[in-house]
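Dropping entry_24.cif in here (mmCIF, C-alpha atoms):
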data_target
#
loop_
_atom_site.label_atom_id
_atom_site.label_comp_id
_atom_site.auth_asym_id
_atom_site.auth_seq_id
_atom_site.Cartn_x
_atom_site.Cartn_y
_atom_site.Cartn_z
CA MET A 1 172.48 119.82 122.24
CA ARG A 2 173.26 118.71 118.68
CA TYR A 3 176.62 117.56 117.46
CA GLN A 4 179.05 120.40 116.90
CA THR A 5 179.52 119.58 113.21
CA SER A 6 177.82 122.23 111.11
CA ARG A 7 175.33 121.29 108.38
CA HIS A 8 176.46 124.14 106.11
CA HIS A 9 179.81 125.56 105.14
CA THR A 10 180.21 129.26 104.59
CA GLY A 11 183.36 128.83 102.49
CA SER A 12 183.71 128.38 98.75
CA HIS A 13 183.37 124.59 98.64
CA GLY A 14 179.89 124.45 100.22
CA VAL A 15 180.64 121.33 102.31
CA SER A 16 182.35 121.27 105.68
CA ARG A 17 185.66 119.46 106.09
CA ALA A 18 184.15 117.43 108.92
CA ILE A 19 181.41 116.07 106.65
CA ARG A 20 184.01 115.24 103.94
CA ARG A 21 186.00 113.25 106.47
CA LEU A 22 182.88 111.28 107.40
CA ARG A 23 182.26 110.49 103.74
CA HIS A 24 185.84 109.42 103.14
CA THR A 25 185.65 106.96 106.03
CA ARG A 26 182.13 105.83 104.94
CA ARG A 27 180.66 106.69 108.32
CA LEU A 28 177.08 107.81 108.69
CA SER A 29 176.38 111.50 108.90
CA PRO A 30 175.73 112.58 112.49
CA TRP A 31 172.33 113.73 111.21
CA ASP A 32 171.35 110.16 110.25
CA ALA A 33 170.14 107.35 112.50
CA THR A 34 172.64 104.71 113.61
CA ASP A 35 171.97 100.98 113.65
CA GLU A 36 171.45 101.24 117.40
CA ASP A 37 168.89 104.02 116.86
CA LEU A 38 166.95 101.87 114.39
CA GLN A 39 167.05 98.85 116.69
CA PHE A 40 165.69 100.92 119.54
CA MET A 41 162.95 102.38 117.36
CA ALA A 42 162.03 98.93 116.04
CA LYS A 43 161.56 97.50 119.54
CA LEU A 44 159.49 100.46 120.68
CA THR A 45 157.39 100.47 117.50
CA GLU A 46 156.63 96.78 117.90
CA ARG A 47 155.50 97.27 121.51
CA LEU A 48 153.39 100.36 120.76
CA GLY A 49 151.90 99.14 117.49
CA ALA A 50 152.96 102.41 115.84
CA PRO A 51 156.20 104.39 115.44
CA PRO A 52 156.79 106.78 118.35
CA VAL A 53 156.78 110.51 117.75
CA SER A 54 159.96 112.56 118.00
CA ASN A 55 159.18 114.41 121.22
CA MET A 56 158.71 111.09 123.03
CA MET A 57 162.45 110.54 122.77
CA ARG A 58 163.20 113.03 125.54
CA TYR A 59 161.57 110.57 127.96
CA CYS A 60 163.23 107.38 126.70
CA GLY A 61 166.55 107.66 128.54
CA SER A 62 170.14 107.52 127.36
CA GLU A 63 169.45 104.99 124.60
CA ALA A 64 167.38 107.59 122.76
CA ARG A 65 169.71 110.58 123.24
CA HIS A 66 170.75 110.69 119.59
CA LEU A 67 167.15 110.15 118.45
CA ASP A 68 166.14 113.09 120.63
CA GLN A 69 168.69 115.21 118.76
CA LEU A 70 167.41 114.00 115.39
CA GLY A 71 163.87 114.84 116.48
CA GLU A 72 164.75 118.52 116.62
CA SER A 73 164.63 118.59 112.82
CA LEU A 74 161.63 117.39 110.80
CA GLY A 75 163.95 116.43 107.94
CA ASP A 76 166.26 114.35 110.14
CA TRP A 77 163.32 112.59 111.77
CA ARG A 78 161.69 111.86 108.42
CA ARG A 79 164.90 110.28 107.10
CA MET A 80 165.11 108.17 110.24
CA LEU A 81 161.55 106.90 109.71
CA GLU A 82 162.37 106.11 106.08
CA ALA A 83 165.44 104.16 107.18
CA LEU A 84 163.36 102.33 109.78
CA ALA A 85 160.86 101.30 107.10
CA ARG A 86 163.66 100.03 104.84
CA HIS A 87 165.40 98.02 107.56
CA TYR A 88 162.21 96.69 109.20
CA PRO A 89 159.51 96.52 106.48
CA GLU A 90 157.27 94.32 108.65
CA LEU A 91 156.76 97.03 111.26
CA PRO A 92 153.76 99.43 111.25
CA ARG A 93 154.39 102.60 109.27
CA SER A 94 154.06 106.11 110.63
CA GLY A 95 150.78 107.93 110.14
CA GLN A 96 147.45 108.64 111.80
CA GLN A 97 145.59 105.52 110.62
CA ALA A 98 145.48 102.70 113.15
CA SER A 99 145.83 99.01 112.34
CA ASP A 100 142.04 98.54 112.54
CA GLY A 101 141.45 101.27 109.94
CA THR A 102 140.45 104.01 112.40
CA THR A 103 141.83 107.42 111.47
CA LEU A 104 142.93 109.52 114.45
CA ASP A 105 143.70 113.22 114.72
CA SER A 106 147.37 112.75 115.60
CA ALA A 107 150.16 110.18 115.89
CA PRO A 108 150.07 110.25 119.74
CA GLU A 109 146.33 109.49 119.63
CA ARG A 110 147.07 106.57 117.33
CA ILE A 111 149.65 105.20 119.78
CA VAL A 112 147.15 105.26 122.65
CA TRP A 113 144.38 103.86 120.45
CA GLU A 114 146.54 100.90 119.36
CA THR A 115 147.01 99.97 123.02
CA LEU A 116 143.41 100.60 124.12
CA VAL A 117 141.72 98.76 121.29
CA GLN A 118 143.47 95.52 122.24
CA MET A 119 142.42 95.77 125.89
CA VAL A 120 138.79 96.98 125.88
CA PRO A 121 136.41 94.19 127.00
CA ASP A 122 133.16 93.33 125.24
CA GLU A 123 131.15 95.07 127.96
CA LEU A 124 132.52 98.45 126.87
CA ASN A 125 132.66 100.40 123.63
CA LEU A 126 135.63 102.56 122.66
CA CYS A 127 134.70 105.69 120.73
CA CYS A 128 136.61 108.61 119.24
CA HIS A 129 136.03 112.23 120.19
CA PRO A 130 132.71 112.08 122.04
CA LEU A 131 131.10 115.52 122.24
CA LEU A 132 130.07 116.00 125.84
CA GLU A 133 128.61 119.46 125.55
CA GLU A 134 128.28 122.07 122.85
CA GLY A 135 131.69 123.60 122.38
CA ARG A 136 134.83 122.06 120.90
CA TYR A 137 137.00 122.70 123.95
CA LEU A 138 134.99 120.12 125.91
CA ARG A 139 135.71 117.36 123.41
CA SER A 140 137.79 114.49 124.75
CA ASP A 141 139.95 112.24 122.60
CA PHE A 142 138.40 108.89 123.52
CA GLY A 143 135.42 107.66 125.46
CA LEU A 144 134.65 104.33 127.14
CA CYS A 145 130.91 103.76 126.98
CA ALA A 146 128.43 101.08 127.95
CA PRO A 147 127.13 99.23 124.85
CA ASP A 148 123.65 100.65 125.44
CA GLY A 149 124.77 104.17 126.36
CA GLU A 150 125.83 107.23 124.41
CA ILE A 151 127.35 109.24 127.24
CA PRO A 152 130.84 107.97 128.13
CA LEU A 153 131.48 106.42 131.50
CA LEU A 154 135.07 107.62 131.28
CA CYS A 155 136.92 109.93 128.92
CA ILE A 156 140.59 109.85 127.98
CA LYS A 157 142.60 112.93 127.07
CA VAL A 158 145.85 112.37 125.17
CA MET A 159 148.47 115.04 125.90
CA GLY A 160 150.62 114.49 122.83
CA MET A 161 152.96 117.46 123.38
CA LEU A 162 153.80 117.32 127.08
CA GLY A 163 154.98 114.90 129.73
CA SER A 164 153.47 114.59 133.18
CA ASP A 165 156.18 116.95 134.45
CA ARG A 166 154.26 119.68 132.56
CA ILE A 167 157.49 121.37 131.47
CA CYS A 168 156.63 123.65 128.53
CA ARG A 169 159.04 124.52 125.77
CA ALA A 170 156.70 126.57 123.59
CA ASP A 171 153.63 128.77 123.84
CA VAL A 172 151.49 126.12 122.16
CA GLU A 173 152.32 123.71 124.96
CA GLU A 174 151.29 126.24 127.59
CA ALA A 175 148.03 126.76 125.71
CA SER A 176 147.38 123.01 125.77
CA LEU A 177 147.71 123.06 129.57
CA ASP A 178 145.16 125.87 129.76
CA ARG A 179 142.70 123.84 127.69
CA LEU A 180 143.30 120.80 129.86
CA ALA A 181 142.60 122.80 133.02
CA ALA A 182 139.24 123.92 131.56
CA LYS A 183 138.34 120.32 130.73
CA GLN A 184 139.37 119.05 134.16
CA ASP A 185 137.18 121.70 135.77
CA TRP A 186 134.20 120.59 133.68
CA PHE A 187 134.76 116.90 134.43
CA SER A 188 135.08 117.59 138.16
CA GLN A 189 131.42 118.62 138.40
CA PRO A 190 128.91 116.11 139.87
CA GLY A 191 127.32 113.74 137.39
CA ARG A 192 130.08 114.12 134.77
CA PRO A 193 132.09 111.22 133.30
CA LEU A 194 135.42 110.27 134.82
CA LEU A 195 138.56 111.65 133.16
CA ARG A 196 141.99 110.11 132.68
CA VAL A 197 144.95 111.97 131.15
CA ILE A 198 147.69 110.14 129.24
CA TRP A 199 150.91 112.13 128.97
CA LEU A 200 153.75 111.86 126.51
CA ASP A 201 156.16 110.19 128.95
CA MET A 202 153.58 107.45 129.60
CA MET A 203 153.50 106.69 125.87
CA ALA A 204 157.29 106.44 125.82
CA HIS A 205 157.14 103.42 128.16
CA PRO A 206 154.78 100.70 126.87
CA ASP A 207 154.38 99.01 130.26
CA TRP A 208 153.34 102.30 131.82
CA LEU A 209 150.95 103.03 128.96
CA GLU A 210 149.34 99.59 129.27
CA ALA A 211 148.96 100.07 133.03
CA ILE A 212 147.22 103.45 132.73
CA CYS A 213 144.94 102.10 129.98
CA MET A 214 144.00 99.10 132.10
CA GLU A 215 143.30 101.34 135.08
CA ALA A 216 141.02 103.48 132.91
CA ILE A 217 139.14 100.41 131.67
CA GLU A 218 138.70 99.07 135.20
CA ALA A 219 137.44 102.47 136.37
CA ALA A 220 134.92 102.58 133.51
CA VAL A 221 133.66 99.07 134.35
CA ALA A 222 133.31 100.06 138.02
CA GLN A 223 131.44 103.22 137.01
CA ARG A 224 129.04 101.17 134.91
CA VAL A 225 128.29 98.89 137.85
CA CYS A 226 127.79 101.93 140.09
CA ASN A 227 125.40 103.53 137.59
CA ARG A 228 123.35 100.33 137.38
CA ARG A 229 123.01 100.20 141.15
CA GLU A 230 121.94 103.84 141.27
CA ARG A 231 119.30 103.24 138.60
CA ARG A 232 117.94 100.19 140.42
CA THR A 233 117.85 102.09 143.73
CA SER A 234 116.18 105.07 142.06
CA GLY A 235 113.64 102.76 140.41
CA ARG A 236 112.77 101.10 143.71
CA ARG A 237 112.35 104.49 145.37
CA THR A 238 110.07 105.66 142.57
CA SER A 239 107.98 102.48 142.82
CA ALA A 240 107.75 102.84 146.59
CA ARG A 241 106.62 106.46 146.31
CA GLY A 242 104.02 105.47 143.73
CA ALA A 243 102.66 102.72 145.94
CA GLU A 244 102.48 105.03 148.94
CA GLN A 245 100.68 107.68 146.92
CA GLY A 246 98.28 105.02 145.67
CA ARG A 247 97.38 104.04 149.19
CA GLN A 248 96.72 107.65 150.11
CA LEU A 249 94.44 108.42 147.14
CA PRO A 250 90.64 108.31 147.84
CA LEU A 251 88.83 105.34 146.38
CA ARG A 252 86.79 106.27 143.34
CA GLY A 253 84.43 104.30 141.21
CA ARG A 254 84.11 101.45 143.65
CA THR A 255 80.75 100.08 144.72
CA ARG A 256 80.04 100.81 148.35
CA GLU A 257 79.18 97.80 150.38
CA TYR A 258 76.68 97.93 153.26
#
Would it be possible to restate this file's structure as structure tokens?
Amino acid sequence: MRYQTSRHHTGSHGVSRAIRRLRHTRRLSPWDATDEDLQFMAKLTERLGAPPVSNMMRYCGSEARHLDQLGESLGDWRRMLEALARHYPELPRSGQQASDGTTLDSAPERIVWETLVQMVPDELNLCCHPLLEEGRYLRSDFGLCAPDGEIPLLCIKVMGMLGSDRICRADVEEASLDRLAAKQDWFSQPGRPLLRVIWLDMMAHPDWLEAICMEAIEAAVAQRVCNRRERRTSGRRTSARGAEQGRQLPLRGRTREY
């Protein structure tokens, strides 16, 4: 719940007495970030490589309680980000463009990308929005592919509106769960790439985010090794069948010896 001080005054002066008292004592408005808020945001931004989004604050614990309140208003959150940029000009700025120049569809995708791109080994390629089948609803956010392959070994879906508790606060969040269920059903079919989901609360804790990204990378590497073995086994079986069929074919065009 927000502070009880009202933004607007219905009387003739247009400014509440509570706000006037704050100005007289040179205190910050309760709708502005405190120094502690900015320090918290600076540490988290440095770890993530990008400023966190407002709805991540609900998963950051008591230190982010005031930031969670500010996040309820786009104007309050924007002023906080502006203050963060003034106080810590060396930090990454908010936006959808990652530090390597890649433009993502959303700020949560950028946060996950900034972590992934630093961890992906040379034996894998990280790609944006691989289309797995005709139809937009099957598109995943990121794919981990073999350097010589187009089809991802593993796909990553970024749930930028919801935590892993799946508690919905709006219809659009419920709709995102419905879309995720359809994707999970598609990925569960034999022969499909692996799928990993990264939720909002995972992004709010950099250690957790790094762990889930590393697990996804390790799973993709293991899948690549498995695919290689299957191809080699399939190739040997094909060669063996060909040799057996060759032995069974009648000899033609050979000179008969007496």
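Atom pair atom CA of A:Gly75 / atom CA of A:Ser94: separated by 14.5 Å.
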Apply the PyMOL selection byres ((chain A and resi 160-177) around 6) to the displayed file and report the matching residues as a count of residues only. 9
Evaluated on this file, the PyMOL selection byres ((chain A and resi 203) around 12) picks out some residues - which ones are they, written as a count of residues only? 49
When you count all atoms listed in the file, which of these residues is closest to A:Leu194: A:Ala216, A:Met41, A:Ala64, A:Ala181?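 Of A:Ala216, A:Met41, A:Ala64, A:Ala181, the one nearest A:Leu194, counting all atoms listed in the file, is A:Ala216.
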Can you tell me, as a PyMOL selection string, what residues are no more than 12 Å from A:Gly101 when counting all atoms listed in the file, ignoring any on the same chain fewer than 2 positions away? chain A and resi 95-99+103-104+110+113-114+117
Restricting the calculation to only C-alpha atoms: of A:Asp141, A:Asp32, A:Glu150, A:Glu133, which residue gets closest to A:Arg79?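 The shortest atom-to-atom distance to A:Arg79 comes from A:Asp32.
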Given the choices A:Leu81, A:Val225, A:Leu38, A:Leu91, which gets closest to A:Glu123 if the distance is worked out from only C-alpha atoms? A:Val225
With only C-alpha atoms as the counted atoms, please give the residues lying no more than 7 Å from A:Asn125, apart from itself and same-chain residues fewer than 2 positions off, as an MDAnalysis selection string. chainID A and resid 127 144:147
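The gap separating atom CA of A:Leu132 from atom CA of A:Lys157 is 13.0 Å, in Å to one decimal.
The smallest atom-to-atom distance between A:Glu72 and any of A:Arg231, A:Ser140, A:Leu195, A:Trp31, using all atoms listed in the file, is found for A:Trp31.
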6 Å per side around stretch 222-227 of chain A: axis-aligned box centre and edge lengths, as AutoDock Vina command-line options:
--center_x 129.4 --center_y 101.2 --center_z 137.5 --size_x 19.9 --size_y 16.6 --size_z 17.2
Could you tell me how far atom CA of A:Gly143 lies from atom CA of A:Ile156, in Å and to one decimal?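 Computed distance, atom CA of A:Gly143 to atom CA of A:Ile156, equals 6.2 Å.
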Residue nearest A:Ala85 - candidates A:Leu67, A:Ala42, A:Cys226, A:Val120, atoms counted: only C-alpha atoms: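 Smallest distance to A:Ala85 is found for A:Ala42.
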How about completing stretch 137-160 of chain A with N, CA and C atoms and giving it to me as a CSV table (one decimal), in the frame of the given file?
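And here's out_25.csv as it stands now:
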chain,number,residue,atom,x,y,z
A,137,TYR,N,136.0,122.8,122.9
A,137,TYR,CA,137.0,122.7,124.0
A,137,TYR,C,136.6,121.6,125.0
A,138,LEU,N,135.4,121.2,125.0
A,138,LEU,CA,135.0,120.1,125.9
A,138,LEU,C,135.1,118.7,125.3
A,139,ARG,N,135.6,118.7,124.1
A,139,ARG,CA,135.7,117.4,123.4
A,139,ARG,C,136.9,116.6,124.0
A,140,SER,N,136.7,115.3,124.3
A,140,SER,CA,137.8,114.5,124.8
A,140,SER,C,138.3,113.6,123.6
A,141,ASP,N,139.4,113.0,123.7
A,141,ASP,CA,140.0,112.2,122.6
A,141,ASP,C,139.2,110.9,122.4
A,142,PHE,N,139.1,110.2,123.6
A,142,PHE,CA,138.4,108.9,123.5
A,142,PHE,C,137.4,108.8,124.6
A,143,GLY,N,136.4,107.9,124.4
A,143,GLY,CA,135.4,107.7,125.5
A,143,GLY,C,135.2,106.2,125.6
A,144,LEU,N,135.0,105.7,126.8
A,144,LEU,CA,134.6,104.3,127.1
A,144,LEU,C,133.2,104.3,127.6
A,145,CYS,N,132.3,103.7,126.8
A,145,CYS,CA,130.9,103.8,127.0
A,145,CYS,C,130.3,102.4,127.2
A,146,ALA,N,129.2,102.3,127.9
A,146,ALA,CA,128.4,101.1,128.0
A,146,ALA,C,127.8,100.8,126.6
A,147,PRO,N,127.7,99.5,126.2
A,147,PRO,CA,127.1,99.2,124.8
A,147,PRO,C,125.8,99.9,124.6
A,148,ASP,N,125.0,100.1,125.6
A,148,ASP,CA,123.6,100.6,125.4
A,148,ASP,C,123.6,102.1,125.8
A,149,GLY,N,124.7,102.8,126.0
A,149,GLY,CA,124.8,104.2,126.4
A,149,GLY,C,125.6,105.0,125.4
A,150,GLU,N,125.1,106.3,125.3
A,150,GLU,CA,125.8,107.2,124.4
A,150,GLU,C,126.8,108.1,125.2
A,151,ILE,N,126.5,108.4,126.4
A,151,ILE,CA,127.4,109.2,127.2
A,151,ILE,C,128.5,108.4,127.8
A,152,PRO,N,129.7,108.8,127.6
A,152,PRO,CA,130.8,108.0,128.1
A,152,PRO,C,130.8,107.8,129.6
A,153,LEU,N,131.2,106.6,130.1
A,153,LEU,CA,131.5,106.4,131.5
A,153,LEU,C,132.8,107.1,131.9
A,154,LEU,N,133.7,107.1,131.0
A,154,LEU,CA,135.1,107.6,131.3
A,154,LEU,C,135.6,108.2,130.0
A,155,CYS,N,136.3,109.3,130.1
A,155,CYS,CA,136.9,109.9,128.9
A,155,CYS,C,138.4,109.9,129.1
A,156,ILE,N,139.1,109.9,128.0
A,156,ILE,CA,140.6,109.8,128.0
A,156,ILE,C,141.1,111.0,127.2
A,157,LYS,N,142.0,111.8,127.8
A,157,LYS,CA,142.6,112.9,127.1
A,157,LYS,C,144.1,112.6,126.8
A,158,VAL,N,144.5,112.7,125.6
A,158,VAL,CA,145.8,112.4,125.2
A,158,VAL,C,146.6,113.7,125.1
A,159,MET,N,147.6,113.8,125.9
A,159,MET,CA,148.5,115.0,125.9
A,159,MET,C,149.7,114.7,125.1
A,160,GLY,N,149.6,114.9,123.8
A,160,GLY,CA,150.6,114.5,122.8
A,160,GLY,C,151.8,115.4,122.7
